[in-house]
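Novice: Contents are mmCIF, C-alpha atoms; file name coords33.cif:
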```cif
data_my_file
#
loop_
_atom_site.label_atom_id
_atom_site.label_comp_id
_atom_site.auth_asym_id
_atom_site.auth_seq_id
_atom_site.Cartn_x
_atom_site.Cartn_y
_atom_site.Cartn_z
CA MET U 1 0.00 0.00 0.00
CA ASP U 2 1.23 3.49 -0.84
CA GLU U 3 2.19 5.34 2.34
CA ASN U 4 1.43 8.66 0.61
CA ASN U 5 -2.03 7.51 -0.34
CA PRO U 6 -3.41 5.82 2.74
CA PRO U 7 -6.76 4.07 2.78
CA LEU U 8 -9.83 5.86 4.04
CA ILE U 9 -9.38 4.31 7.45
CA ALA U 10 -6.61 2.19 8.84
CA LEU U 11 -7.80 0.38 11.90
CA ARG U 12 -6.16 -1.81 14.43
CA PRO U 13 -8.25 -3.53 17.03
CA ARG U 14 -7.46 -3.29 20.71
CA LYS U 15 -5.42 -6.06 22.28
CA ALA U 16 -7.28 -9.20 23.24
CA ARG U 17 -8.46 -9.41 26.82
CA SER U 18 -9.19 -12.43 28.95
CA GLY U 19 -12.95 -12.11 28.42
CA ASP U 20 -12.81 -12.16 24.63
CA ARG U 21 -14.30 -15.60 24.25
CA ALA U 22 -17.32 -14.77 26.38
CA VAL U 23 -20.89 -14.44 25.12
CA ARG U 24 -20.87 -10.82 23.95
CA PRO U 25 -19.25 -10.07 20.63
CA VAL U 26 -15.93 -8.35 20.96
CA ARG U 27 -16.07 -4.58 20.49
CA HIS U 28 -13.33 -2.83 18.60
CA ALA U 29 -11.76 0.33 19.80
CA ALA U 30 -8.26 1.67 19.25
CA ALA U 31 -7.84 3.24 15.84
CA ARG U 32 -4.59 4.51 14.48
CA GLY U 33 -4.69 8.27 14.08
CA LEU U 34 -7.97 8.65 15.89
CA ALA U 35 -7.94 9.98 19.41
CA LYS U 36 -11.31 8.80 20.57
CA GLU U 37 -11.16 5.17 21.61
CA ASN U 38 -14.55 4.23 20.25
CA ALA U 39 -14.36 6.21 17.04
CA VAL U 40 -14.16 3.17 14.78
CA ASP U 41 -16.08 0.77 16.90
CA LYS U 42 -18.24 0.08 13.87
CA ALA U 43 -17.30 0.23 10.21
CA TYR U 44 -20.14 0.62 7.73
CA LEU U 45 -20.15 -0.15 4.02
CA GLU U 46 -19.21 3.47 3.21
CA ASP U 47 -16.14 3.26 5.46
CA LEU U 48 -14.64 0.31 3.60
CA ALA U 49 -12.43 0.43 0.50
CA PRO U 50 -9.99 -1.85 -1.29
CA GLY U 51 -6.48 -1.69 0.15
CA GLN U 52 -7.50 -1.27 3.79
CA VAL U 53 -5.63 -3.62 6.06
CA PHE U 54 -6.73 -4.97 9.43
CA THR U 55 -4.40 -7.05 11.56
CA SER U 56 -5.01 -8.88 14.80
CA ASP U 57 -3.11 -8.04 17.93
CA ALA U 58 -5.02 -10.94 19.37
CA ARG U 59 -3.11 -14.18 19.06
CA THR U 60 -4.43 -17.66 19.50
CA VAL U 61 -2.30 -20.40 20.98
CA VAL U 62 -3.14 -23.91 19.85
CA ASP U 63 -2.36 -26.87 22.08
CA ALA U 64 -2.37 -30.62 21.52
CA ASP U 65 -5.44 -31.21 23.70
CA ALA U 66 -7.49 -28.73 21.68
CA ILE U 67 -6.34 -30.34 18.42
CA LYS U 68 -7.38 -33.79 19.68
CA ARG U 69 -10.68 -32.55 21.08
CA PHE U 70 -11.69 -30.89 17.82
CA GLY U 71 -10.43 -33.89 15.85
CA GLY U 72 -12.31 -36.34 18.04
CA GLU U 73 -15.57 -34.46 17.57
CA PHE U 74 -15.42 -33.44 13.91
CA ASP U 75 -12.45 -34.98 12.06
CA PRO U 76 -11.56 -38.32 13.69
CA GLN U 77 -8.53 -39.26 11.61
CA PRO U 78 -5.32 -40.54 13.24
CA TRP U 79 -3.21 -37.44 12.49
CA HIS U 80 -5.63 -35.32 14.53
CA LEU U 81 -5.94 -37.71 17.47
CA SER U 82 -2.64 -39.14 18.68
CA GLU U 83 0.99 -38.05 18.48
CA THR U 84 2.07 -41.68 18.41
CA VAL U 85 -0.23 -42.94 15.69
CA ALA U 86 0.28 -39.77 13.64
CA ARG U 87 3.96 -40.65 13.20
CA SER U 88 3.13 -43.41 10.74
CA THR U 89 0.79 -41.23 8.65
CA PHE U 90 1.17 -38.78 5.76
CA PHE U 91 1.64 -35.90 8.22
CA LYS U 92 4.14 -37.75 10.46
CA GLU U 93 3.00 -35.73 13.48
CA LEU U 94 -0.10 -34.48 15.23
CA VAL U 95 -1.66 -31.61 13.24
CA ALA U 96 -4.87 -29.60 13.55
CA SER U 97 -7.80 -30.30 11.26
CA GLY U 98 -8.07 -27.68 8.54
CA TRP U 99 -11.59 -27.01 9.85
CA HIS U 100 -10.11 -26.38 13.28
CA THR U 101 -7.85 -23.79 11.64
CA THR U 102 -10.87 -22.13 10.01
CA ALA U 103 -12.69 -22.07 13.36
CA LEU U 104 -9.66 -20.58 15.16
CA THR U 105 -9.40 -18.04 12.35
CA MET U 106 -13.05 -17.10 12.93
CA GLN U 107 -12.15 -16.18 16.54
CA LEU U 108 -9.48 -13.88 15.15
CA ILE U 109 -11.75 -12.38 12.48
CA ILE U 110 -14.28 -11.32 15.13
CA GLN U 111 -11.49 -9.62 17.08
CA THR U 112 -10.01 -7.99 13.99
CA LEU U 113 -12.68 -6.77 11.57
CA PRO U 114 -14.93 -4.07 13.08
CA LEU U 115 -17.93 -4.53 10.76
CA SER U 116 -21.00 -2.77 12.11
CA GLY U 117 -23.33 -5.76 11.78
CA GLY U 118 -20.82 -8.36 12.93
CA ILE U 119 -19.18 -10.98 10.75
CA ILE U 120 -21.81 -12.52 8.47
CA GLY U 121 -20.31 -14.52 5.63
CA SER U 122 -22.13 -15.63 2.52
CA GLY U 123 -19.21 -17.72 1.39
CA VAL U 124 -15.50 -18.22 0.94
CA ASP U 125 -13.32 -18.64 -2.15
CA GLU U 126 -9.88 -20.15 -2.57
CA LEU U 127 -9.57 -21.57 0.93
CA ARG U 128 -6.10 -23.14 1.20
CA TRP U 129 -4.03 -24.73 3.95
CA PRO U 130 -0.43 -24.34 2.76
CA ARG U 131 0.95 -25.93 5.94
CA PRO U 132 -0.66 -27.51 8.98
CA VAL U 133 -1.15 -25.98 12.43
CA ARG U 134 0.89 -27.87 15.03
CA PRO U 135 0.68 -28.05 18.83
CA GLY U 136 2.23 -24.94 20.33
CA ASP U 137 1.60 -22.75 17.29
CA THR U 138 0.50 -19.17 17.85
CA LEU U 139 -1.84 -17.79 15.20
CA ARG U 140 -2.59 -14.26 14.09
CA LEU U 141 -4.60 -12.78 11.26
CA HIS U 142 -3.94 -10.38 8.40
CA CYS U 143 -6.94 -9.06 6.46
CA GLU U 144 -6.96 -6.91 3.35
CA ILE U 145 -10.11 -5.60 1.74
CA ILE U 146 -9.96 -6.32 -1.98
CA ASP U 147 -13.44 -5.32 -3.15
CA VAL U 148 -16.56 -3.51 -1.92
CA GLN U 149 -19.84 -3.90 -3.79
CA GLU U 150 -23.19 -2.29 -3.05
CA SER U 151 -26.13 -4.65 -3.26
CA LYS U 152 -28.54 -4.04 -6.13
CA LEU U 153 -31.34 -5.92 -4.43
CA ARG U 154 -30.87 -4.59 -0.90
CA PRO U 155 -29.77 -0.95 -0.94
CA ALA U 156 -29.07 -1.02 2.82
CA SER U 157 -26.21 -3.47 2.46
CA GLY U 158 -23.39 -4.72 0.30
CA THR U 159 -20.63 -7.28 0.07
CA VAL U 160 -17.03 -6.85 1.14
CA ARG U 161 -14.42 -9.25 -0.19
CA VAL U 162 -11.56 -9.72 2.23
CA ARG U 163 -8.33 -11.63 1.66
CA MET U 164 -7.53 -13.29 4.98
CA THR U 165 -4.19 -14.84 5.83
CA THR U 166 -3.71 -16.78 9.05
CA LEU U 167 -0.04 -16.81 10.06
CA ASN U 168 1.90 -18.83 12.58
CA GLN U 169 4.61 -17.57 14.96
CA ASN U 170 7.20 -17.87 12.16
CA ASP U 171 5.12 -15.60 9.89
CA GLN U 172 4.30 -18.58 7.67
CA PRO U 173 0.77 -18.75 6.28
CA VAL U 174 -1.18 -21.73 7.60
CA GLN U 175 -4.38 -20.68 5.87
CA THR U 176 -5.44 -18.26 3.15
CA MET U 177 -8.94 -17.48 1.91
CA ILE U 178 -11.10 -14.81 0.34
CA ALA U 179 -14.21 -14.24 2.43
CA ASN U 180 -17.38 -12.61 1.15
CA LEU U 181 -18.91 -10.70 4.04
CA LEU U 182 -22.11 -8.75 4.45
CA ALA U 183 -21.66 -5.06 5.31
CA PHE U 184 -24.43 -2.64 6.21
CA ARG U 185 -24.82 0.94 5.09
CA ARG U 186 -24.78 3.56 7.88
CA PRO U 187 -28.36 4.15 9.05
CA GLU U 188 -29.70 7.60 8.19
CA GLN U 189 -29.71 9.91 11.19
CA THR U 190 -33.13 11.15 12.24
CA ALA U 191 -33.13 14.74 13.54
CA MET Y 1 -25.88 -39.71 -14.26
CA ASP Y 2 -26.73 -42.11 -17.10
CA GLU Y 3 -28.06 -45.39 -15.69
CA ASN Y 4 -26.83 -47.20 -18.81
CA ASN Y 5 -23.36 -45.81 -18.38
CA PRO Y 6 -22.56 -46.19 -14.71
CA PRO Y 7 -19.35 -44.92 -13.17
CA LEU Y 8 -16.46 -47.27 -12.55
CA ILE Y 9 -17.63 -47.77 -9.01
CA ALA Y 10 -20.74 -46.61 -7.25
CA LEU Y 11 -20.27 -46.82 -3.54
CA ARG Y 12 -22.49 -46.30 -0.60
CA PRO Y 13 -21.04 -46.37 2.89
CA ARG Y 14 -22.53 -48.52 5.59
CA LYS Y 15 -25.05 -46.96 7.92
CA ALA Y 16 -23.66 -44.91 10.80
CA ARG Y 17 -23.20 -46.74 14.08
CA SER Y 18 -23.11 -45.37 17.57
CA GLY Y 19 -19.32 -45.59 17.72
CA ASP Y 20 -18.70 -43.49 14.60
CA ARG Y 21 -17.35 -40.50 16.47
CA ALA Y 22 -14.75 -42.55 18.31
CA VAL Y 23 -11.03 -42.35 17.79
CA ARG Y 24 -10.60 -44.77 14.90
CA PRO Y 25 -11.43 -43.52 11.43
CA VAL Y 26 -14.63 -44.95 10.06
CA ARG Y 27 -14.18 -47.84 7.66
CA HIS Y 28 -16.34 -48.10 4.60
CA ALA Y 29 -17.91 -51.31 3.52
CA ALA Y 30 -21.12 -51.96 1.64
CA ALA Y 31 -20.76 -51.39 -2.07
CA ARG Y 32 -23.60 -51.54 -4.54
CA GLY Y 33 -23.13 -54.41 -6.94
CA LEU Y 34 -20.25 -55.93 -5.04
CA ALA Y 35 -20.84 -59.00 -2.94
CA LYS Y 36 -17.84 -58.80 -0.69
CA GLU Y 37 -18.44 -56.37 2.14
CA ASN Y 38 -14.95 -54.98 2.24
CA ALA Y 39 -14.41 -54.84 -1.50
CA VAL Y 40 -14.39 -51.04 -1.68
CA ASP Y 41 -13.08 -50.35 1.74
CA LYS Y 42 -10.41 -48.24 0.11
CA ALA Y 43 -10.61 -46.32 -3.14
CA TYR Y 44 -7.33 -45.44 -4.82
CA LEU Y 45 -6.66 -42.77 -7.42
CA GLU Y 46 -7.21 -45.27 -10.25
CA ASP Y 47 -10.65 -46.17 -8.88
CA LEU Y 48 -11.96 -42.62 -9.07
CA ALA Y 49 -13.52 -40.88 -12.08
CA PRO Y 50 -15.71 -37.86 -12.75
CA GLY Y 51 -19.42 -38.60 -12.34
CA GLN Y 52 -19.06 -40.98 -9.41
CA VAL Y 53 -21.47 -40.17 -6.63
CA PHE Y 54 -21.13 -40.95 -2.93
CA THR Y 55 -23.95 -40.24 -0.52
CA SER Y 56 -24.10 -40.52 3.24
CA ASP Y 57 -26.52 -42.80 4.95
CA ALA Y 58 -25.09 -41.31 8.11
CA ARG Y 59 -27.07 -38.33 9.27
CA THR Y 60 -26.07 -35.74 11.78
CA VAL Y 61 -28.61 -34.12 14.07
CA VAL Y 62 -27.77 -30.62 15.24
CA ASP Y 63 -29.14 -29.33 18.52
CA ALA Y 64 -29.23 -25.89 20.11
CA ASP Y 65 -26.68 -26.77 22.79
CA ALA Y 66 -24.12 -27.85 20.20
CA ILE Y 67 -24.72 -24.65 18.19
CA LYS Y 68 -24.15 -22.52 21.30
CA ARG Y 69 -21.11 -24.51 22.42
CA PHE Y 70 -19.39 -24.17 19.04
CA GLY Y 71 -20.42 -20.53 18.82
CA GLY Y 72 -19.14 -19.77 22.31
CA GLU Y 73 -15.75 -21.27 21.52
CA PHE Y 74 -15.14 -20.12 17.96
CA ASP Y 75 -17.77 -17.66 16.72
CA PRO Y 76 -19.15 -15.72 19.69
CA GLN Y 77 -21.78 -13.61 17.95
CA PRO Y 78 -25.31 -13.24 19.37
CA TRP Y 79 -27.07 -15.29 16.66
CA HIS Y 80 -24.97 -18.33 17.62
CA LEU Y 81 -25.35 -17.95 21.38
CA SER Y 82 -28.90 -17.23 22.51
CA GLU Y 83 -32.36 -17.82 21.04
CA THR Y 84 -33.62 -14.69 22.78
CA VAL Y 85 -30.91 -12.28 21.70
CA ALA Y 86 -30.82 -13.78 18.19
CA ARG Y 87 -34.39 -12.58 17.60
CA SER Y 88 -33.27 -8.98 17.27
CA THR Y 89 -30.44 -9.80 14.83
CA PHE Y 90 -30.13 -10.24 11.06
CA PHE Y 91 -30.90 -13.96 11.40
CA LYS Y 92 -33.91 -13.47 13.76
CA GLU Y 93 -33.23 -16.90 15.31
CA LEU Y 94 -30.43 -19.10 16.66
CA VAL Y 95 -28.38 -20.49 13.77
CA ALA Y 96 -25.18 -22.52 13.54
CA SER Y 97 -21.91 -20.85 12.63
CA GLY Y 98 -20.97 -21.56 9.02
CA TRP Y 99 -17.74 -23.04 10.40
CA HIS Y 100 -19.81 -25.37 12.56
CA THR Y 101 -21.56 -26.51 9.37
CA THR Y 102 -18.19 -27.16 7.72
CA ALA Y 103 -17.04 -29.16 10.76
CA LEU Y 104 -20.25 -31.22 10.82
CA THR Y 105 -19.83 -31.78 7.09
CA MET Y 106 -16.32 -33.10 7.76
CA GLN Y 107 -17.85 -35.79 10.03
CA LEU Y 108 -20.07 -36.80 7.12
CA ILE Y 109 -17.22 -36.72 4.56
CA ILE Y 110 -15.21 -39.20 6.62
CA GLN Y 111 -18.21 -41.52 6.74
CA THR Y 112 -18.97 -41.11 3.04
CA LEU Y 113 -15.80 -40.96 0.93
CA PRO Y 114 -13.73 -44.16 1.09
CA LEU Y 115 -10.39 -42.67 0.03
CA SER Y 116 -7.54 -45.05 0.77
CA GLY Y 117 -5.37 -42.53 2.57
CA GLY Y 118 -8.17 -40.83 4.47
CA ILE Y 119 -9.52 -37.36 3.81
CA ILE Y 120 -6.60 -34.98 3.29
CA GLY Y 121 -7.67 -31.67 1.78
CA SER Y 122 -5.33 -29.13 0.22
CA GLY Y 123 -8.09 -26.60 -0.12
CA VAL Y 124 -11.68 -25.72 -0.92
CA ASP Y 125 -13.23 -23.55 -3.63
CA GLU Y 126 -16.62 -21.87 -3.80
CA LEU Y 127 -17.68 -22.58 -0.22
CA ARG Y 128 -21.23 -21.21 0.18
CA TRP Y 129 -23.87 -21.29 2.90
CA PRO Y 130 -27.15 -20.75 1.02
CA ARG Y 131 -29.20 -21.09 4.23
CA PRO Y 132 -28.32 -21.52 7.88
CA VAL Y 133 -28.40 -24.71 9.93
CA ARG Y 134 -31.01 -24.43 12.69
CA PRO Y 135 -31.54 -26.39 15.92
CA GLY Y 136 -33.18 -29.72 15.15
CA ASP Y 137 -31.84 -29.90 11.60
CA THR Y 138 -30.65 -33.27 10.29
CA LEU Y 139 -27.78 -33.11 7.84
CA ARG Y 140 -26.63 -35.49 5.14
CA LEU Y 141 -24.02 -35.30 2.41
CA HIS Y 142 -23.98 -35.69 -1.36
CA CYS Y 143 -20.57 -35.91 -3.08
CA GLU Y 144 -19.85 -35.99 -6.79
CA ILE Y 145 -16.38 -36.39 -8.21
CA ILE Y 146 -15.86 -33.74 -10.87
CA ASP Y 147 -12.17 -34.13 -11.71
CA VAL Y 148 -9.24 -36.49 -11.11
CA GLN Y 149 -5.68 -35.34 -11.80
CA GLU Y 150 -2.46 -37.27 -11.43
CA SER Y 151 0.32 -35.36 -9.74
CA LYS Y 152 3.26 -34.43 -11.96
CA LEU Y 153 5.57 -33.95 -9.01
CA ARG Y 154 4.50 -36.98 -6.96
CA PRO Y 155 3.63 -39.94 -9.19
CA ALA Y 156 2.26 -41.89 -6.22
CA SER Y 157 -0.62 -39.50 -5.71
CA GLY Y 158 -3.04 -37.10 -7.32
CA THR Y 159 -5.84 -34.66 -6.63
CA VAL Y 160 -9.55 -35.40 -6.69
CA ARG Y 161 -12.00 -32.52 -6.97
CA VAL Y 162 -15.29 -33.30 -5.27
CA ARG Y 163 -18.46 -31.20 -5.31
CA MET Y 164 -19.97 -31.61 -1.86
CA THR Y 165 -23.50 -30.58 -0.95
CA THR Y 166 -24.70 -30.70 2.64
CA LEU Y 167 -28.49 -31.01 2.77
CA ASN Y 168 -31.00 -30.58 5.55
CA GLN Y 169 -34.03 -32.78 6.27
CA ASN Y 170 -36.05 -30.86 3.67
CA ASP Y 171 -33.45 -31.62 0.98
CA GLN Y 172 -32.39 -27.98 0.95
CA PRO Y 173 -28.67 -27.27 0.59
CA VAL Y 174 -27.20 -25.62 3.68
CA GLN Y 175 -23.66 -25.75 2.31
CA THR Y 176 -21.96 -26.32 -1.03
CA MET Y 177 -18.25 -26.49 -1.78
CA ILE Y 178 -15.67 -27.99 -4.11
CA ALA Y 179 -12.98 -29.79 -2.12
CA ASN Y 180 -9.53 -30.63 -3.46
CA LEU Y 181 -8.48 -33.90 -1.87
CA LEU Y 182 -5.33 -35.94 -1.98
CA ALA Y 183 -5.71 -39.46 -3.40
CA PHE Y 184 -3.04 -42.13 -3.45
CA ARG Y 185 -2.23 -44.54 -6.26
CA ARG Y 186 -2.63 -48.25 -5.42
CA PRO Y 187 0.68 -49.59 -4.11
CA GLU Y 188 2.35 -52.07 -6.42
CA GLN Y 189 1.93 -55.65 -5.24
CA THR Y 190 5.16 -57.41 -4.38
CA ALA Y 191 5.16 -61.11 -5.20
#
```
Translate this structure into structure tokens?
Specialist:
Amino acid sequence: MDENNPPLIALRPRKARSGDRAVRPVRHAAARGLAKENAVDKAYLEDLAPGQVFTSDARTVVDADAIKRFGGEFDPQPWHLSETVARSTFFKELVASGWHTTALTMQLIIQTLPLSGGIIGSGVDELRWPRPVRPGDTLRLHCEIIDVQESKLRPASGTVRVRMTTLNQNDQPVQTMIANLLAFRRPEQTA
Amino acid sequence: MDENNPPLIALRPRKARSGDRAVRPVRHAAARGLAKENAVDKAYLEDLAPGQVFTSDARTVVDADAIKRFGGEFDPQPWHLSETVARSTFFKELVASGWHTTALTMQLIIQTLPLSGGIIGSGVDELRWPRPVRPGDTLRLHCEIIDVQESKLRPASGTVRVRMTTLNQNDQPVQTMIANLLAFRRPEQTA
């Protein structure tokens, strides 16, 4: 991105706090270049433009028990269930299910993208897992808006396409995808 | 598919049993037109061709507690957490996270596709959630192989592209995707 031609808004979410996984959706606050903490708590369709980047301060640590628990419930294959048995498989070690990686990424998306109506996805393109998530990995998220389209059918909303890269502690991508998210237009103010 | 021109193999997995979510990967057995129960326990790259269809007898019932548990851990937004609060949201009711639907679909894939090396995905294209999964829904899976490619780099394996449709009890798609899966060539027999 051109430093001399910054995006309309460049947001960074606040750091994750211990209560982030509780019932209420995480609220976003700190914005670079904006003094008021809540100024970009909600981004509407009009606030979004291609080139804007959102990155997570929040980091997710993945441990072997969580990998096995998710695997046991949703993806019961040996490489997600046992370090010992995994050694004789294609992966040669315990690794997280790709669907566990998507779910962990969803945690990070909620903490990273301050969309006014929350994160409502209609779909995902080009989901890839270039390398597996391993026990002890720490994940973070990099999002770049690549397209913003107003809806022809529903004038109050539109679609934002976001390229999302989930990185491990060595800055290696463990997952990439393009998510199509719903974004709402700012409600008209009544006097 | 043309009844007079059937695919190389047309497989149906055995019915789900109570132990299906246990540690060992599910083994596939009953094959249409094949007497021996284990005849198509494993499908290798050479056994797969476009047009082959695999459907799950196994069905997955989704309940409100599971939706809230997954939502609380991975997608803590109000429409995944509380029937009451969900009423005033875009969805107007409790619905499953799309990533919960993918994870539930993974359970069904393992029970449905008899790939010799297990289900190892390199990625997914065109993942869509045309309607949400609701409490009480029963899910099943329809898979159609749309492409089979040998690997140029690794002669022992290849990629199978599979169109996967997750359907609810009203035969409505709740999820569609094209999965790119690894398939292994049959090992050469040593005399």
Novice: Report as CSV: every residue of chain U with an atom at most 7 Å from chain Y, its closest pair of atoms, and their distance in Å to one decimal, counting only C-alpha atoms, with rows sorted by chain and ascending residue number.
Specialist:
```
residue,atom,partner,partner_atom,distance
U:Arg21,CA,Y:Glu73,CA,6.5
U:Ala22,CA,Y:Gly72,CA,6.7
U:Val23,CA,Y:Pro76,CA,5.8
U:Arg24,CA,Y:Gln77,CA,6.7
U:Pro25,CA,Y:Gln77,CA,5.1
U:Gly72,CA,Y:Val23,CA,6.1
U:Glu73,CA,Y:Arg21,CA,6.4
U:Phe74,CA,Y:Gln107,CA,5.1
U:Asp75,CA,Y:Gln107,CA,5.8
U:Pro76,CA,Y:Pro25,CA,5.7
U:Gln77,CA,Y:Pro25,CA,5.2
U:Pro78,CA,Y:Arg24,CA,7.0
U:Leu81,CA,Y:Val23,CA,6.9
U:Trp99,CA,Y:Ala103,CA,5.9
U:Thr102,CA,Y:Trp99,CA,6.9
U:Ala103,CA,Y:Phe74,CA,5.6
U:Leu104,CA,Y:Phe74,CA,6.2
U:Met106,CA,Y:Asp75,CA,6.1
U:Gln107,CA,Y:Phe74,CA,5.1
U:Ser122,CA,Y:Trp129,CA,5.9
U:Gly123,CA,Y:Arg128,CA,4.2
U:Val124,CA,Y:Leu127,CA,5.0
U:Asp125,CA,Y:Glu126,CA,4.9
U:Glu126,CA,Y:Asp125,CA,4.9
U:Leu127,CA,Y:Val124,CA,5.0
U:Arg128,CA,Y:Gly123,CA,4.2
U:Trp129,CA,Y:Ser122,CA,5.9
```
Novice: Using all atoms listed in the file, can you tell me which of U:Ala66, U:Leu153, U:Ala43, U:Val148 comes closest to Pro187 (chain U)?
Specialist: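 Closest candidate: U:Ala43.
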Novice: Excluding same-chain residues fewer than 6 positions from Ser116 (chain Y), what lies within 9 Å of it counting only C-alpha atoms, as number ranges by chain?
Specialist: Y: 41-45, 183-186
Novice: Residues of the last selection are to be written out with C-alpha atoms, as a short mmCIF file (atom, residue, chain, number, x, y, z; two decimals), in the frame of the given file.
Specialist:
```
data_model
loop_
_atom_site.label_atom_id
_atom_site.label_comp_id
_atom_site.auth_asym_id
_atom_site.auth_seq_id
_atom_site.Cartn_x
_atom_site.Cartn_y
_atom_site.Cartn_z
CA ASP Y 41 -13.08 -50.35 1.74
CA LYS Y 42 -10.41 -48.24 0.11
CA ALA Y 43 -10.61 -46.32 -3.14
CA TYR Y 44 -7.33 -45.44 -4.82
CA LEU Y 45 -6.66 -42.77 -7.42
CA ALA Y 183 -5.71 -39.46 -3.40
CA PHE Y 184 -3.04 -42.13 -3.45
CA ARG Y 185 -2.23 -44.54 -6.26
CA ARG Y 186 -2.63 -48.25 -5.42
#
```
Novice: Report, in Å to a single decimal, how far apart CA of Ile146 (chain U) and CA of Trp79 (chain Y) are.
Specialist: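 We find that CA of Trp79 (chain Y) and CA of Ile146 (chain U) lie 26.8 Å from each other.
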Novice: I'd like the neighbourhood of Gln169 (chain Y) as an NGL selection string, where a residue qualifies if any of its atoms comes within 12 Å (using all atoms listed in the file), though same-chain residues fewer than 2 positions away should be ignored.
Specialist: :Y and (59-62 or 133-141 or 166-167 or 171-174)
Novice: Grab the CA of Ser88 (chain U) to CA of Phe54 (chain Y) distance for me, in Å with one decimal place.
Specialist: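 Between CA of Ser88 (chain U) and CA of Phe54 (chain Y) the gap works out to 28.0 Å.
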